[in-house]
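J.: Quick one: this structure, given as structure tokens, is what I'll be asking you about.
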Amino acid sequence: MTEHNPSGQNPSGDAGQDPDAGREPPAGIDTSVPQTARIWNHWLGGKDNYAADREVGDNMLKVMPDLVPIARASRYFLARAVRYLAGEVGIRQFLDVGTGLPTVDNTHEVAQRVAPESRIVYVDNDPLVLAHARALLTSSPRGATAYIDADARDPEAILTGAAETLDFSRPVALMLLGVLGHITDDDDAKSVTDRLLAGLAPGSHLVVDDGTNVIRGEEHEEAARIWNESAKPPYRLRTPEEIAGFFDGLELVEPGVVSCPLWRPDHSPFEAPVEVDIFCAVGRKP
Ligand SMILES: C[S@@+](CC[C@H](N)C(=O)[O-])C[C@H]1O[C@@H](n2cnc3c(N)ncnc32)[C@H](O)[C@@H]1O
């Protein structure tokens with residue numbers, strides 16, 4: 001399970017030590033090719049990453065220092081969106097596609113703090129996420145969690161597998177956080193979203209966040225270029241308008257499509273939320 005480093009400003013702050021010394025990756029994991037889940041984990045201050053991931057992640061940070069605040073903003077958004085859906089809307093089922101490596105406040109932990117009977121299905125296609133999936137399967141006894149090793153581009157297989165845990169006659173929250181950018185073709189990304197939503201009951205919700213190029217556009221595009229040169233899978237930044245397109249036919253929940261820190265922020269007497277280049281929204285299927 002990933003260790004959390006809430007105070008770490010620089011993910012590679014412990015320079016001088018070799019964090020990989022004496023550490024064998026799980027069987028079948030190629031650590032020479034940087035992978036999105038492991039780079040994301042590095043930016044979040046976790047330990048489930050390897051030298052190649054840290055090298056690309058740090059090169060990207062040199063041109064786009066906002067990537068650490070972006071990763072954190074995404075996780076905080078996840079927590080607020082799940083709290084809203086479980087607490088205010090009454091959703092009890094979550095389908096989290098592109099889960100990432102386990103960290104603090106995974107979807108089931110946030111949902112089951114509000115409603116212990118919540119049922120969560122996680123989906124990812126990274127073998128290291130699969131190797132750590134047991135950390136995602138620590139459900140409250142009244143609820144359930146399951147993990148499916150599948151590609152987001154195969155929505156029908158995901159829906160079939162998830163039906164073993166979720167009741168598709170009742171509303172589900174479909175979470176696509178930081179994953180649609182990896183489906184770089186716009187039509188493919190829209191088709192994946194629509195086909196997943198087609199299997200869900202009225203009252204279901206779509207939750208999306210993804211990288212954008214409108215706050216620090218040039219730097220973020222340069223970081224994405226570095227990513228696409230060496231890391232897998234490729235990533236495409238989208239505009240907020242393109243992200244809004246995933247919600248066609250849904251009722252957007254207030255405040256609509258905004259930078260993650262601006263989505264229903266927890267009120268702080270000390271600071272106002274600051275926009276970063278990751279936008280999000282929640283929409284309801286009528
Ligand atoms: C940037 S991470 C985001 C993780 C998490 N959703 C979050 O917001 O913290 C993207 C995740 O999507 C997964 N992913 C990328 N492409 C995928 C695909 N085609 N099918 C399934 N998972 C995918 C990666 O393995 C990775 O775990």
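A note on labels: chains of the structure tokens are A, B, ... as shown, every chain counts residues from 1, and ligands are counted from 1 in their shown order.
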Residues of region 63-244 of chain A in alpha helix (DSSP H) according to DSSP, as a ChimeraX atom specification?
T.: /A:63,67-84,107-114,127-131,155-162,186-198,217-230,240-244
J.: Dump the neighbourhood of ligand 1 as number ranges by chain: all residues within 8 Å, distances computed on only C-alpha atoms and all ligand atoms.
T.: A: 35-40, 71, 74-75, 78, 96-101, 123-126, 129, 149-153, 175-180, 182-183, 209, 233
J.: CA of Lys62 (chain A) to CA of Val274 (chain A): how many Å, to one decimal?
T.: 20.3 Å
J.: Step one, run DSSP on the backbone; step two, keep only residues of region 83-183 of chain A assigned to strand (DSSP E); then write them as a PyMOL selection string.
T.: chain A and resi 93-97+119-124+144-149+173-177
J.: Would you write out, as JSON lines, a table of all residues in region 31-126 of chain A that have an atom no more than 7 Å from an atom of region 142-146 of chain A, listing for each the closest atom pair and the distance in Å to one decimal, considering only C-alpha atoms and ordering rows by chain and rising residue number?
T.:
```
{"residue": "A:Pro116", "atom": "CA", "partner": "A:Gly143", "partner_atom": "CA", "distance": 5.8}
{"residue": "A:Glu117", "atom": "CA", "partner": "A:Gly143", "partner_atom": "CA", "distance": 3.9}
{"residue": "A:Ser118", "atom": "CA", "partner": "A:Gly143", "partner_atom": "CA", "distance": 5.0}
{"residue": "A:Arg119", "atom": "CA", "partner": "A:Ala144", "partner_atom": "CA", "distance": 4.6}
{"residue": "A:Ile120", "atom": "CA", "partner": "A:Thr145", "partner_atom": "CA", "distance": 4.7}
{"residue": "A:Val121", "atom": "CA", "partner": "A:Ala146", "partner_atom": "CA", "distance": 4.8}
{"residue": "A:Tyr122", "atom": "CA", "partner": "A:Ala146", "partner_atom": "CA", "distance": 6.2}
```
J.: Using only C-alpha atoms, which residues sit within 7 Å of region 222-230 of chain A once same-chain residues fewer than 5 positions away are excluded, as a list in words?
T.: Pro34, Val56, Met60, Val63, Met64 and Tyr235 of chain A
J.: Output N, CA and C atoms for every residue in the selection just made, as a PDB file, in the first residue's frame.
T.:
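So out.pdb came out as:
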```pdb
ATOM      1  N   PRO A  34       8.338   3.881 -18.129  1.00  0.00           N
ATOM      2  CA  PRO A  34       7.546   4.665 -17.173  1.00  0.00           C
ATOM      3  C   PRO A  34       6.049   4.488 -17.422  1.00  0.00           C
ATOM      4  N   VAL A  56      11.082  10.499 -15.452  1.00  0.00           N
ATOM      5  CA  VAL A  56      10.150  11.229 -16.328  1.00  0.00           C
ATOM      6  C   VAL A  56       9.310  12.194 -15.504  1.00  0.00           C
ATOM      7  N   MET A  60       9.178  16.244 -16.007  1.00  0.00           N
ATOM      8  CA  MET A  60       7.941  16.981 -16.264  1.00  0.00           C
ATOM      9  C   MET A  60       7.754  18.096 -15.230  1.00  0.00           C
ATOM     10  N   VAL A  63       9.372  21.476 -16.015  1.00  0.00           N
ATOM     11  CA  VAL A  63       8.682  22.415 -16.912  1.00  0.00           C
ATOM     12  C   VAL A  63       7.295  22.776 -16.391  1.00  0.00           C
ATOM     13  N   MET A  64       6.727  21.923 -15.528  1.00  0.00           N
ATOM     14  CA  MET A  64       5.353  22.148 -15.048  1.00  0.00           C
ATOM     15  C   MET A  64       5.288  21.812 -13.561  1.00  0.00           C
ATOM     16  N   TYR A 235      -0.886  10.552 -23.493  1.00  0.00           N
ATOM     17  CA  TYR A 235      -1.871  11.411 -22.812  1.00  0.00           C
ATOM     18  C   TYR A 235      -2.145  12.632 -23.663  1.00  0.00           C
TER      19      TYR A 235
END
```
J.: Name all residues at most 8 Å from Val114 (chain A) (count only C-alpha atoms; drop same-chain ones fewer than 5 positions away) and give them as number ranges by chain.
T.: A: 83, 86-87
J.: Generate a file of the selected residues that holds all heavy atoms, formatted as a PDB file, in the first residue's frame.
T.:
```
ATOM      1  N   ARG A  83     -18.065  12.178  -1.469  1.00  0.00           N
ATOM      2  CA  ARG A  83     -18.806  12.597  -0.267  1.00  0.00           C
ATOM      3  C   ARG A  83     -20.147  13.214  -0.661  1.00  0.00           C
ATOM      4  O   ARG A  83     -21.180  12.942  -0.053  1.00  0.00           O
ATOM      5  CB  ARG A  83     -17.984  13.632   0.493  1.00  0.00           C
ATOM      6  CG  ARG A  83     -17.643  13.195   1.897  1.00  0.00           C
ATOM      7  CD  ARG A  83     -16.626  14.082   2.546  1.00  0.00           C
ATOM      8  NE  ARG A  83     -16.754  15.493   2.268  1.00  0.00           N
ATOM      9  CZ  ARG A  83     -15.715  16.323   2.170  1.00  0.00           C
ATOM     10  NH1 ARG A  83     -14.486  15.864   2.299  1.00  0.00           N
ATOM     11  NH2 ARG A  83     -15.904  17.604   1.943  1.00  0.00           N
ATOM     12  N   ALA A  86     -22.407  10.261  -2.093  1.00  0.00           N
ATOM     13  CA  ALA A  86     -22.878   9.345  -1.048  1.00  0.00           C
ATOM     14  C   ALA A  86     -23.744  10.093  -0.035  1.00  0.00           C
ATOM     15  O   ALA A  86     -24.794   9.594   0.389  1.00  0.00           O
ATOM     16  CB  ALA A  86     -21.684   8.688  -0.353  1.00  0.00           C
ATOM     17  N   GLY A  87     -23.316  11.315   0.327  1.00  0.00           N
ATOM     18  CA  GLY A  87     -23.983  12.026   1.414  1.00  0.00           C
ATOM     19  C   GLY A  87     -25.218  12.792   0.974  1.00  0.00           C
ATOM     20  O   GLY A  87     -26.258  12.713   1.620  1.00  0.00           O
TER      21      GLY A  87
END
```
J.: Using only C-alpha atoms, which of A:Gly211, A:Gly161, A:Pro19, A:Pro155 sits nearest Gly181 (chain A)?
T.: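 Between A:Gly211, A:Gly161, A:Pro19, A:Pro155, the residue approaching Gly181 (chain A) most closely is A:Gly211.
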J.: Name the closest residue to Gly28 (chain A) among the candidates A:Ala73, A:Leu61, A:Leu130, A:Ala51; distances are taken between atoms, counting only C-alpha atoms.
T.: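 Smallest distance to Gly28 (chain A) is found for A:Leu130.
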J.: Between A:Asp277, A:Ser140, A:Gly283, A:Asp266, which is the closest to Phe246 (chain A) once you count only C-alpha atoms?
T.: A:Gly283
J.: Please indicate the distance in Å from CA of Arg264 (chain A) to CA of Glu219 (chain A), rounded to one decimal place.
T.: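 Between CA of Arg264 (chain A) and CA of Glu219 (chain A) the gap is 26.8 Å.
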J.: List the neighbours of Leu166 (chain A) out to 9 Å using only C-alpha atoms; skip same-chain residues closer than 2 positions along the sequence, and give me the result as a ChimeraX atom specification.
T.: /A:93-95,119-121,162-164,168-170,172
J.: Write out the residues from the selection above, keeping C-alpha atoms, as an mmCIF file, in the first residue's frame.
T.:
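Wrote it out as result31.cif, contents follow:
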```cif
data_model
loop_
_atom_site.group_PDB
_atom_site.id
_atom_site.type_symbol
_atom_site.label_atom_id
_atom_site.label_comp_id
_atom_site.auth_asym_id
_atom_site.auth_seq_id
_atom_site.Cartn_x
_atom_site.Cartn_y
_atom_site.Cartn_z
ATOM 1 C CA GLN A 93 -22.643 2.130 -5.860
ATOM 2 C CA PHE A 94 -19.421 3.340 -7.504
ATOM 3 C CA LEU A 95 -17.631 2.154 -10.647
ATOM 4 C CA ARG A 119 -20.432 -1.137 -3.051
ATOM 5 C CA ILE A 120 -17.414 -0.201 -5.186
ATOM 6 C CA VAL A 121 -15.908 -1.793 -8.281
ATOM 7 C CA ALA A 162 -19.117 -5.181 -12.486
ATOM 8 C CA ALA A 163 -22.612 -6.713 -12.575
ATOM 9 C CA GLU A 164 -21.329 -9.389 -10.172
ATOM 10 C CA PHE A 168 -27.428 -1.974 -12.464
ATOM 11 C CA SER A 169 -31.139 -1.426 -11.892
ATOM 12 C CA ARG A 170 -30.096 1.156 -9.271
ATOM 13 C CA VAL A 172 -24.219 4.071 -9.975
#
```
J.: List as a list in words the protein and nucleic acid residues near Leu136 (chain A), meaning an atom at most 8 Å away when only C-alpha atoms are counted, but skip any in the same chain fewer than 2 places from it.
T.: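 Listed by chain and then number, they are Pro102, Asn106, His108, Tyr122, His132, Ala133, Arg134, Thr138, Ser139, Thr145, Ala146 and Tyr147 of chain A.
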J.: To one decimal in Å, tell me the separation between CA of Cys280 (chain A) and CA of Lys190 (chain A).
T.: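 Separation of CA of Cys280 (chain A) and CA of Lys190 (chain A): 15.4 Å.
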J.: With only C-alpha atoms as the atoms that count, which of A:Ser32, A:Asn49, A:Thr160, A:Thr239 lies nearest to Leu200 (chain A)?
T.: A:Thr160
